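What follows is the content of run32.cif, which has mmCIF, C-alpha atoms:
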data_work
loop_
_atom_site.group_PDB
_atom_site.id
_atom_site.type_symbol
_atom_site.label_atom_id
_atom_site.label_comp_id
_atom_site.auth_asym_id
_atom_site.auth_seq_id
_atom_site.Cartn_x
_atom_site.Cartn_y
_atom_site.Cartn_z
ATOM 1 C CA PRO A 1 -29.523 -12.011 -3.708
ATOM 2 C CA PRO A 2 -31.596 -11.662 -0.537
ATOM 3 C CA PHE A 3 -30.124 -9.911 2.464
ATOM 4 C CA LEU A 4 -29.590 -11.754 5.706
ATOM 5 C CA ALA A 5 -31.033 -10.835 9.045
ATOM 6 C CA ARG A 6 -28.339 -9.145 11.098
ATOM 7 C CA ARG A 7 -25.780 -11.373 12.744
ATOM 8 C CA SER A 8 -22.698 -10.766 14.844
ATOM 9 C CA SER A 9 -20.648 -7.955 13.271
ATOM 10 C CA ASP A 10 -17.424 -9.913 13.470
ATOM 11 C CA LEU A 11 -18.862 -13.146 12.036
ATOM 12 C CA PRO A 12 -21.757 -12.163 9.734
ATOM 13 C CA CYS A 13 -21.672 -15.448 7.799
ATOM 14 C CA VAL A 14 -20.712 -17.879 10.531
ATOM 15 C CA ASN A 15 -23.435 -20.425 9.687
ATOM 16 C CA VAL A 16 -23.097 -20.268 5.905
ATOM 17 C CA MET A 17 -20.713 -22.233 3.706
ATOM 18 C CA MET A 18 -18.457 -19.659 2.064
ATOM 19 C CA ASP A 19 -16.822 -20.362 -1.284
ATOM 20 C CA PHE A 20 -16.619 -17.280 -3.487
ATOM 21 C CA ASP A 21 -14.406 -14.630 -5.100
ATOM 22 C CA LEU A 22 -14.578 -10.935 -4.187
ATOM 23 C CA MET A 23 -12.871 -8.305 -6.334
ATOM 24 C CA PHE A 24 -12.760 -4.728 -5.034
ATOM 25 C CA VAL A 25 -12.785 -1.926 -7.603
ATOM 26 C CA ASN A 26 -11.740 1.172 -5.654
ATOM 27 C CA ASP A 27 -11.951 4.730 -6.976
ATOM 28 C CA GLU A 28 -8.724 6.690 -6.497
ATOM 29 C CA SER A 29 -9.573 9.670 -8.694
ATOM 30 C CA ARG A 30 -8.654 13.222 -7.698
ATOM 31 C CA SER A 31 -11.973 13.899 -5.969
ATOM 32 C CA ILE A 32 -11.240 11.218 -3.352
ATOM 33 C CA ALA A 33 -8.236 13.224 -2.059
ATOM 34 C CA SER A 34 -5.211 11.835 -0.258
ATOM 35 C CA TYR A 35 -6.667 12.360 3.232
ATOM 36 C CA ASN A 36 -9.770 10.296 2.381
ATOM 37 C CA TYR A 37 -8.117 7.466 0.473
ATOM 38 C CA PRO A 38 -6.899 5.570 3.585
ATOM 39 C CA LYS A 39 -10.496 5.558 4.825
ATOM 40 C CA SER A 40 -11.630 3.710 1.714
ATOM 41 C CA LEU A 41 -8.825 1.192 2.236
ATOM 42 C CA ASN A 42 -9.910 0.705 5.831
ATOM 43 C CA PHE A 43 -13.456 0.164 4.596
ATOM 44 C CA MET A 44 -12.295 -2.755 2.440
ATOM 45 C CA SER A 45 -10.440 -4.250 5.392
ATOM 46 C CA GLU A 46 -13.551 -3.922 7.555
ATOM 47 C CA ILE A 47 -15.617 -5.752 4.927
ATOM 48 C CA LEU A 48 -13.132 -8.615 4.946
ATOM 49 C CA LYS A 49 -13.213 -9.017 8.728
ATOM 50 C CA GLY A 50 -16.555 -10.761 8.357
ATOM 51 C CA PHE A 51 -14.841 -13.405 6.217
ATOM 52 C CA LYS A 52 -11.589 -13.735 8.162
ATOM 53 C CA LYS A 53 -11.942 -17.459 8.835
ATOM 54 C CA HIS A 54 -12.900 -18.223 5.247
ATOM 55 C CA ILE A 55 -10.047 -16.130 3.842
ATOM 56 C CA ASP A 56 -7.564 -17.949 6.066
ATOM 57 C CA ASP A 57 -9.115 -21.281 5.035
ATOM 58 C CA GLY A 58 -8.676 -20.357 1.374
ATOM 59 C CA THR A 59 -12.361 -20.689 0.492
ATOM 60 C CA VAL A 60 -12.764 -16.936 -0.045
ATOM 61 C CA ARG A 61 -10.424 -15.383 -2.593
ATOM 62 C CA VAL A 62 -9.929 -11.617 -2.791
ATOM 63 C CA GLY A 63 -8.394 -9.130 -5.213
ATOM 64 C CA VAL A 64 -8.143 -5.339 -5.546
ATOM 65 C CA LEU A 65 -8.156 -3.130 -8.622
ATOM 66 C CA THR A 66 -7.898 0.653 -8.277
ATOM 67 C CA TYR A 67 -8.734 3.215 -10.913
ATOM 68 C CA GLY A 68 -8.913 6.822 -11.952
ATOM 69 C CA LYS A 69 -8.265 7.520 -15.625
ATOM 70 C CA THR A 70 -6.702 4.075 -15.944
ATOM 71 C CA SER A 71 -7.012 0.870 -13.939
ATOM 72 C CA GLU A 72 -4.274 -0.856 -12.002
ATOM 73 C CA LEU A 73 -4.409 -4.376 -10.622
ATOM 74 C CA ARG A 74 -3.009 -3.887 -7.121
ATOM 75 C CA ILE A 75 -3.740 -7.320 -5.638
ATOM 76 C CA PRO A 76 -4.416 -10.206 -8.035
ATOM 77 C CA LEU A 77 -7.435 -12.341 -7.209
ATOM 78 C CA GLY A 78 -6.160 -15.213 -5.107
ATOM 79 C CA GLN A 79 -5.762 -16.896 -1.743
ATOM 80 C CA TYR A 80 -4.113 -14.924 1.048
ATOM 81 C CA SER A 81 -4.011 -15.008 4.803
ATOM 82 C CA PHE A 82 -6.298 -12.392 6.313
ATOM 83 C CA SER A 83 -3.417 -10.587 8.025
ATOM 84 C CA ALA A 84 -1.316 -10.423 4.845
ATOM 85 C CA LEU A 85 -4.285 -9.279 2.760
ATOM 86 C CA SER A 86 -5.330 -6.609 5.240
ATOM 87 C CA SER A 87 -1.767 -5.311 5.400
ATOM 88 C CA GLN A 88 -1.477 -5.150 1.611
ATOM 89 C CA ILE A 89 -4.739 -3.242 1.295
ATOM 90 C CA LYS A 90 -3.928 -0.700 4.007
ATOM 91 C CA ASN A 91 -0.534 0.007 2.409
ATOM 92 C CA LEU A 92 -1.861 0.761 -1.076
ATOM 93 C CA GLN A 93 -0.622 4.128 -2.339
ATOM 94 C CA TYR A 94 -2.992 6.811 -3.634
ATOM 95 C CA ALA A 95 -2.512 7.532 -7.355
ATOM 96 C CA ASN A 96 -4.609 10.728 -7.575
ATOM 97 C CA GLY A 97 -6.126 9.916 -10.972
ATOM 98 C CA PRO A 98 -7.310 12.918 -13.025
ATOM 99 C CA THR A 99 -10.760 11.494 -13.811
ATOM 100 C CA THR A 100 -13.165 8.646 -13.021
ATOM 101 C CA MET A 101 -13.427 5.860 -15.613
ATOM 102 C CA THR A 102 -15.677 3.443 -13.765
ATOM 103 C CA GLY A 103 -17.022 1.537 -16.761
ATOM 104 C CA GLU A 104 -13.547 0.690 -17.985
ATOM 105 C CA ALA A 105 -12.512 -0.359 -14.476
ATOM 106 C CA ILE A 106 -15.466 -2.768 -14.256
ATOM 107 C CA ASP A 107 -14.479 -4.259 -17.611
ATOM 108 C CA ASP A 108 -10.872 -4.699 -16.482
ATOM 109 C CA ALA A 109 -11.914 -6.255 -13.175
ATOM 110 C CA ALA A 110 -14.394 -8.594 -14.877
ATOM 111 C CA ALA A 111 -11.766 -9.774 -17.349
ATOM 112 C CA HIS A 112 -9.381 -10.532 -14.492
ATOM 113 C CA VAL A 113 -12.035 -12.316 -12.443
ATOM 114 C CA VAL A 114 -13.237 -14.457 -15.345
ATOM 115 C CA GLY A 115 -9.664 -15.282 -16.312
ATOM 116 C CA ASN A 116 -9.041 -16.593 -12.796
ATOM 117 C CA ARG A 117 -12.334 -18.399 -12.265
ATOM 118 C CA ILE A 118 -12.302 -21.720 -10.451
ATOM 119 C CA SER A 119 -15.168 -24.110 -11.148
ATOM 120 C CA ASN A 120 -18.659 -22.753 -10.362
ATOM 121 C CA ARG A 121 -17.838 -20.563 -7.369
ATOM 122 C CA PRO A 122 -19.821 -17.290 -7.177
ATOM 123 C CA GLN A 123 -17.901 -14.150 -8.117
ATOM 124 C CA TYR A 124 -18.539 -10.581 -6.970
ATOM 125 C CA ILE A 125 -17.157 -7.183 -7.912
ATOM 126 C CA MET A 126 -17.612 -4.425 -5.345
ATOM 127 C CA VAL A 127 -17.340 -0.963 -6.913
ATOM 128 C CA ILE A 128 -16.505 1.843 -4.434
ATOM 129 C CA THR A 129 -16.773 5.322 -5.958
ATOM 130 C CA ASP A 130 -17.584 8.890 -5.004
ATOM 131 C CA GLY A 131 -17.880 10.595 -8.354
ATOM 132 C CA GLU A 132 -19.487 10.712 -11.770
ATOM 133 C CA SER A 133 -18.018 8.310 -14.288
ATOM 134 C CA ARG A 134 -16.570 9.934 -17.400
ATOM 135 C CA GLY A 135 -15.977 6.739 -19.340
ATOM 136 C CA SER A 136 -18.061 4.155 -21.145
ATOM 137 C CA PRO A 137 -21.720 3.651 -20.159
ATOM 138 C CA LEU A 138 -21.970 1.893 -16.812
ATOM 139 C CA GLY A 139 -24.991 -0.112 -17.881
ATOM 140 C CA ASP A 140 -23.028 -1.633 -20.744
ATOM 141 C CA ALA A 141 -20.126 -2.522 -18.438
ATOM 142 C CA ALA A 142 -22.547 -4.029 -15.927
ATOM 143 C CA ASP A 143 -24.220 -6.076 -18.665
ATOM 144 C CA ARG A 144 -20.878 -7.438 -19.809
ATOM 145 C CA ALA A 145 -19.944 -8.417 -16.253
ATOM 146 C CA THR A 146 -23.267 -10.070 -15.452
ATOM 147 C CA SER A 147 -23.178 -11.953 -18.768
ATOM 148 C CA HIS A 148 -20.225 -13.778 -17.183
ATOM 149 C CA CYS A 149 -22.272 -14.502 -14.050
ATOM 150 C CA ILE A 150 -20.476 -11.860 -11.974
ATOM 151 C CA GLU A 151 -22.596 -10.017 -9.436
ATOM 152 C CA LEU A 152 -21.877 -6.314 -8.945
ATOM 153 C CA ILE A 153 -22.117 -4.536 -5.582
ATOM 154 C CA PRO A 154 -21.979 -0.723 -5.936
ATOM 155 C CA VAL A 155 -21.027 1.456 -2.966
ATOM 156 C CA GLY A 156 -21.676 5.161 -3.579
ATOM 157 C CA ILE A 157 -19.807 7.685 -1.451
ATOM 158 C CA ILE A 158 -20.559 11.368 -0.756
ATOM 159 C CA ASP A 159 -21.603 13.061 -4.036
ATOM 160 C CA TYR A 160 -22.042 9.971 -6.173
ATOM 161 C CA LYS A 161 -24.618 10.031 -8.977
ATOM 162 C CA ILE A 162 -27.392 7.578 -8.182
ATOM 163 C CA TYR A 163 -28.585 7.481 -11.794
ATOM 164 C CA GLN A 164 -25.164 6.200 -12.780
ATOM 165 C CA LEU A 165 -24.818 3.605 -10.043
ATOM 166 C CA MET A 166 -28.297 2.154 -10.509
ATOM 167 C CA PRO A 167 -27.249 0.324 -13.716
ATOM 168 C CA ILE A 168 -24.442 -1.300 -11.716
ATOM 169 C CA ALA A 169 -27.066 -2.368 -9.165
ATOM 170 C CA ARG A 170 -29.235 -3.735 -11.994
ATOM 171 C CA ASN A 171 -31.815 -1.083 -11.049
ATOM 172 C CA ASP A 172 -32.283 -2.677 -7.636
ATOM 173 C CA LEU A 173 -32.175 0.134 -5.095
ATOM 174 C CA THR A 174 -31.726 -2.313 -2.213
ATOM 175 C CA ALA A 175 -28.486 -3.556 -3.791
ATOM 176 C CA LEU A 176 -26.969 -0.053 -3.816
ATOM 177 C CA LYS A 177 -25.068 0.889 -0.689
ATOM 178 C CA GLU A 178 -24.485 4.548 0.068
ATOM 179 C CA VAL A 179 -22.692 6.714 2.589
ATOM 180 C CA GLN A 180 -22.634 10.480 2.714
ATOM 181 C CA ASP A 181 -19.231 10.866 4.330
ATOM 182 C CA PHE A 182 -16.031 8.852 4.621
ATOM 183 C CA TYR A 183 -16.327 9.145 8.389
ATOM 184 C CA VAL A 184 -19.372 6.875 8.386
ATOM 185 C CA LEU A 185 -17.918 4.195 6.137
ATOM 186 C CA SER A 186 -17.533 1.998 9.199
ATOM 187 C CA GLY A 187 -21.310 1.895 9.545
ATOM 188 C CA ILE A 188 -22.040 -0.363 6.576
ATOM 189 C CA PRO A 189 -19.399 -3.121 6.178
ATOM 190 C CA GLU A 190 -21.596 -5.744 7.858
ATOM 191 C CA GLU A 191 -24.561 -4.804 5.689
ATOM 192 C CA VAL A 192 -22.490 -5.034 2.515
ATOM 193 C CA ALA A 193 -20.986 -8.338 3.633
ATOM 194 C CA HIS A 194 -24.454 -9.836 3.790
ATOM 195 C CA VAL A 195 -24.839 -9.483 0.028
ATOM 196 C CA VAL A 196 -22.606 -12.505 -0.445
ATOM 197 C CA CYS A 197 -24.385 -14.614 2.178
ATOM 198 C CA ARG A 198 -27.578 -16.638 1.832
ATOM 199 C CA ASN A 199 -30.227 -17.431 4.423
ATOM 200 C CA THR A 200 -32.543 -19.478 2.222
ATOM 201 C CA PRO A 201 -32.044 -22.079 -0.511
ATOM 202 C CA VAL A 202 -31.194 -20.225 -3.713
ATOM 203 C CA PHE A 203 -30.943 -21.519 -7.272
ATOM 204 C CA ASP A 204 -27.982 -20.002 -9.044
ATOM 205 C CA GLU A 205 -28.969 -19.522 -12.692
ATOM 206 C CA CYS A 206 -25.355 -19.175 -13.773
ATOM 207 C CA ASN A 207 -23.939 -22.168 -11.947
ATOM 208 C CA GLY A 208 -26.984 -24.384 -11.693
ATOM 209 C CA VAL A 209 -26.532 -25.175 -8.017
ATOM 210 C CA ILE A 210 -28.551 -24.866 -4.842
ATOM 211 C CA GLU A 211 -27.041 -22.958 -1.929
ATOM 212 C CA ILE A 212 -28.550 -24.001 1.400
ATOM 213 C CA LYS A 213 -28.176 -22.534 4.857
ATOM 214 C CA LEU A 214 -26.338 -24.946 7.156
#

Go ahead and render the structure in this file as structure tokens.
Amino acid sequence: PPFLARRSSDLPCVNVMMDFDLMFVNDESRSIASYNYPKSLNFMSEILKGFKKHIDDGTVRVGVLTYGKTSELRIPLGQYSFSALSSQIKNLQYANGPTTMTGEAIDDAAAHVVGNRISNRPQYIMVITDGESRGSPLGDAADRATSHCIELIPVGIIDYKIYQLMPIARNDLTALKEVQDFYVLSGIPEEVAHVVCRNTPVFDECNGVIEIKL
């Protein structure tokens, strides 16, 4: 989708009707390390600040799946108050997984999202990872997710492999978000939040609807 012009950092989508699902897929493999993991959790909370009103209204549903060698559904996709959701995310415990199985995590997240779909609302999976995936091909996992009309948003951190994340981004470099250090994670939440906003009428090929700026 097109990116929006910059808006207020605390209300990036204030003039847009919000009705969507967002599933975080957060890497907790060994390379993340225990001292960095809370920063990735804070990053997710910062992303959600832009949708605080919509989360509290129940029009934006959120879930969290974490992964290393295996995936774990930490917060089922659903309606939460912003304060409760933010608290749950910040209190997630680091599992220190021995490897990075990103493809399998995308498959698990997509299955959960599709199984909890409501009507024709847009659905997004945001993949946050710092390392090279050791599992199934990421392009295949991305194809399976997009075949269900799920849009993927990859966020590469530190030493991520761009050639692996590009299939998640559907080979669209502008859709790939990157940071070189956990300390600068706070610099991109607003930009990432804009992926799920629209500033022009858009035809949704999956849902057959027009989304129009208010």

Select all residues near (-16.7, -2.3, -7.9) (cut-off 12 Å, inclusive, file coordinates), counting all atoms listed in the file, and output them as an mmCIF file with C-alpha atoms, in the frame of the given file.
data_model
loop_
_atom_site.group_PDB
_atom_site.id
_atom_site.type_symbol
_atom_site.label_atom_id
_atom_site.label_comp_id
_atom_site.auth_asym_id
_atom_site.auth_seq_id
_atom_site.Cartn_x
_atom_site.Cartn_y
_atom_site.Cartn_z
ATOM 1 C CA LEU A 22 -14.578 -10.935 -4.187
ATOM 2 C CA MET A 23 -12.871 -8.305 -6.334
ATOM 3 C CA PHE A 24 -12.760 -4.728 -5.034
ATOM 4 C CA VAL A 25 -12.785 -1.926 -7.603
ATOM 5 C CA ASN A 26 -11.740 1.172 -5.654
ATOM 6 C CA ASP A 27 -11.951 4.730 -6.976
ATOM 7 C CA MET A 44 -12.295 -2.755 2.440
ATOM 8 C CA GLY A 63 -8.394 -9.130 -5.213
ATOM 9 C CA VAL A 64 -8.143 -5.339 -5.546
ATOM 10 C CA LEU A 65 -8.156 -3.130 -8.622
ATOM 11 C CA THR A 66 -7.898 0.653 -8.277
ATOM 12 C CA TYR A 67 -8.734 3.215 -10.913
ATOM 13 C CA SER A 71 -7.012 0.870 -13.939
ATOM 14 C CA MET A 101 -13.427 5.860 -15.613
ATOM 15 C CA THR A 102 -15.677 3.443 -13.765
ATOM 16 C CA GLY A 103 -17.022 1.537 -16.761
ATOM 17 C CA GLU A 104 -13.547 0.690 -17.985
ATOM 18 C CA ALA A 105 -12.512 -0.359 -14.476
ATOM 19 C CA ILE A 106 -15.466 -2.768 -14.256
ATOM 20 C CA ASP A 107 -14.479 -4.259 -17.611
ATOM 21 C CA ASP A 108 -10.872 -4.699 -16.482
ATOM 22 C CA ALA A 109 -11.914 -6.255 -13.175
ATOM 23 C CA ALA A 110 -14.394 -8.594 -14.877
ATOM 24 C CA VAL A 113 -12.035 -12.316 -12.443
ATOM 25 C CA GLN A 123 -17.901 -14.150 -8.117
ATOM 26 C CA TYR A 124 -18.539 -10.581 -6.970
ATOM 27 C CA ILE A 125 -17.157 -7.183 -7.912
ATOM 28 C CA MET A 126 -17.612 -4.425 -5.345
ATOM 29 C CA VAL A 127 -17.340 -0.963 -6.913
ATOM 30 C CA ILE A 128 -16.505 1.843 -4.434
ATOM 31 C CA THR A 129 -16.773 5.322 -5.958
ATOM 32 C CA ASP A 130 -17.584 8.890 -5.004
ATOM 33 C CA LEU A 138 -21.970 1.893 -16.812
ATOM 34 C CA ALA A 141 -20.126 -2.522 -18.438
ATOM 35 C CA ALA A 142 -22.547 -4.029 -15.927
ATOM 36 C CA ALA A 145 -19.944 -8.417 -16.253
ATOM 37 C CA ILE A 150 -20.476 -11.860 -11.974
ATOM 38 C CA GLU A 151 -22.596 -10.017 -9.436
ATOM 39 C CA LEU A 152 -21.877 -6.314 -8.945
ATOM 40 C CA ILE A 153 -22.117 -4.536 -5.582
ATOM 41 C CA PRO A 154 -21.979 -0.723 -5.936
ATOM 42 C CA VAL A 155 -21.027 1.456 -2.966
ATOM 43 C CA GLY A 156 -21.676 5.161 -3.579
ATOM 44 C CA LEU A 165 -24.818 3.605 -10.043
ATOM 45 C CA ILE A 168 -24.442 -1.300 -11.716
ATOM 46 C CA ALA A 169 -27.066 -2.368 -9.165
ATOM 47 C CA LEU A 176 -26.969 -0.053 -3.816
ATOM 48 C CA LYS A 177 -25.068 0.889 -0.689
#

Do you have the CA of Lys49 in chain A-CA of Pro167 in chain A distance handy? 28.1 Å

From the list A:Ser34, A:Ser86, A:Asn91, A:Gln79, the nearest residue to Asp57 in chain A using all atoms listed in the file is A:Gln79

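Ranking A:Pro98, A:Gly139, A:Gln164, A:Asp19 by their shortest atom-to-atom distance to Gly68 in chain A, with only C-alpha atoms included, puts A:Pro98 first.
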
Interatomic distance, CA of Arg121 in chain A to CA of Phe20 in chain A (Å, one decimal): 5.2 Å

Could you work out how far CA of Ser45 in chain A lies from CA of Ile118 in chain A, giving the answer in Å with one decimal? 23.7 Å

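Proximity of A:Met18, A:Ile157, A:Met166, A:Val62 to Ser31 in chain A, computed with all atoms listed in the file, is greatest for A:Ile157.
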
Restricting the calculation to only C-alpha atoms, which member of A:Phe82, A:Tyr163, A:Phe43, A:Tyr35 is positioned closest to Gly58 in chain A? A:Phe82

Once you add 5 Å to each side, what are the centre and edge lengths of the axis-aligned box holding all listed atoms of range 112-118 of chain A? One decimal in Å, as JSON, if you can.
{"center_x": -11.1, "center_y": -16.1, "center_z": -13.4, "size_x": 14.2, "size_y": 21.2, "size_z": 15.9}

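Proximity to Arg74 in chain A was assessed for A:Ile89, A:Ala111, A:Val60, A:Leu41 counting only C-alpha atoms; the smallest distance is recorded for A:Ile89.
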
A:Arg144, A:Asp21, A:Asp172, A:Lys90 ranked by distance to Asn120 in chain A, top pick (using only C-alpha atoms): A:Asp21
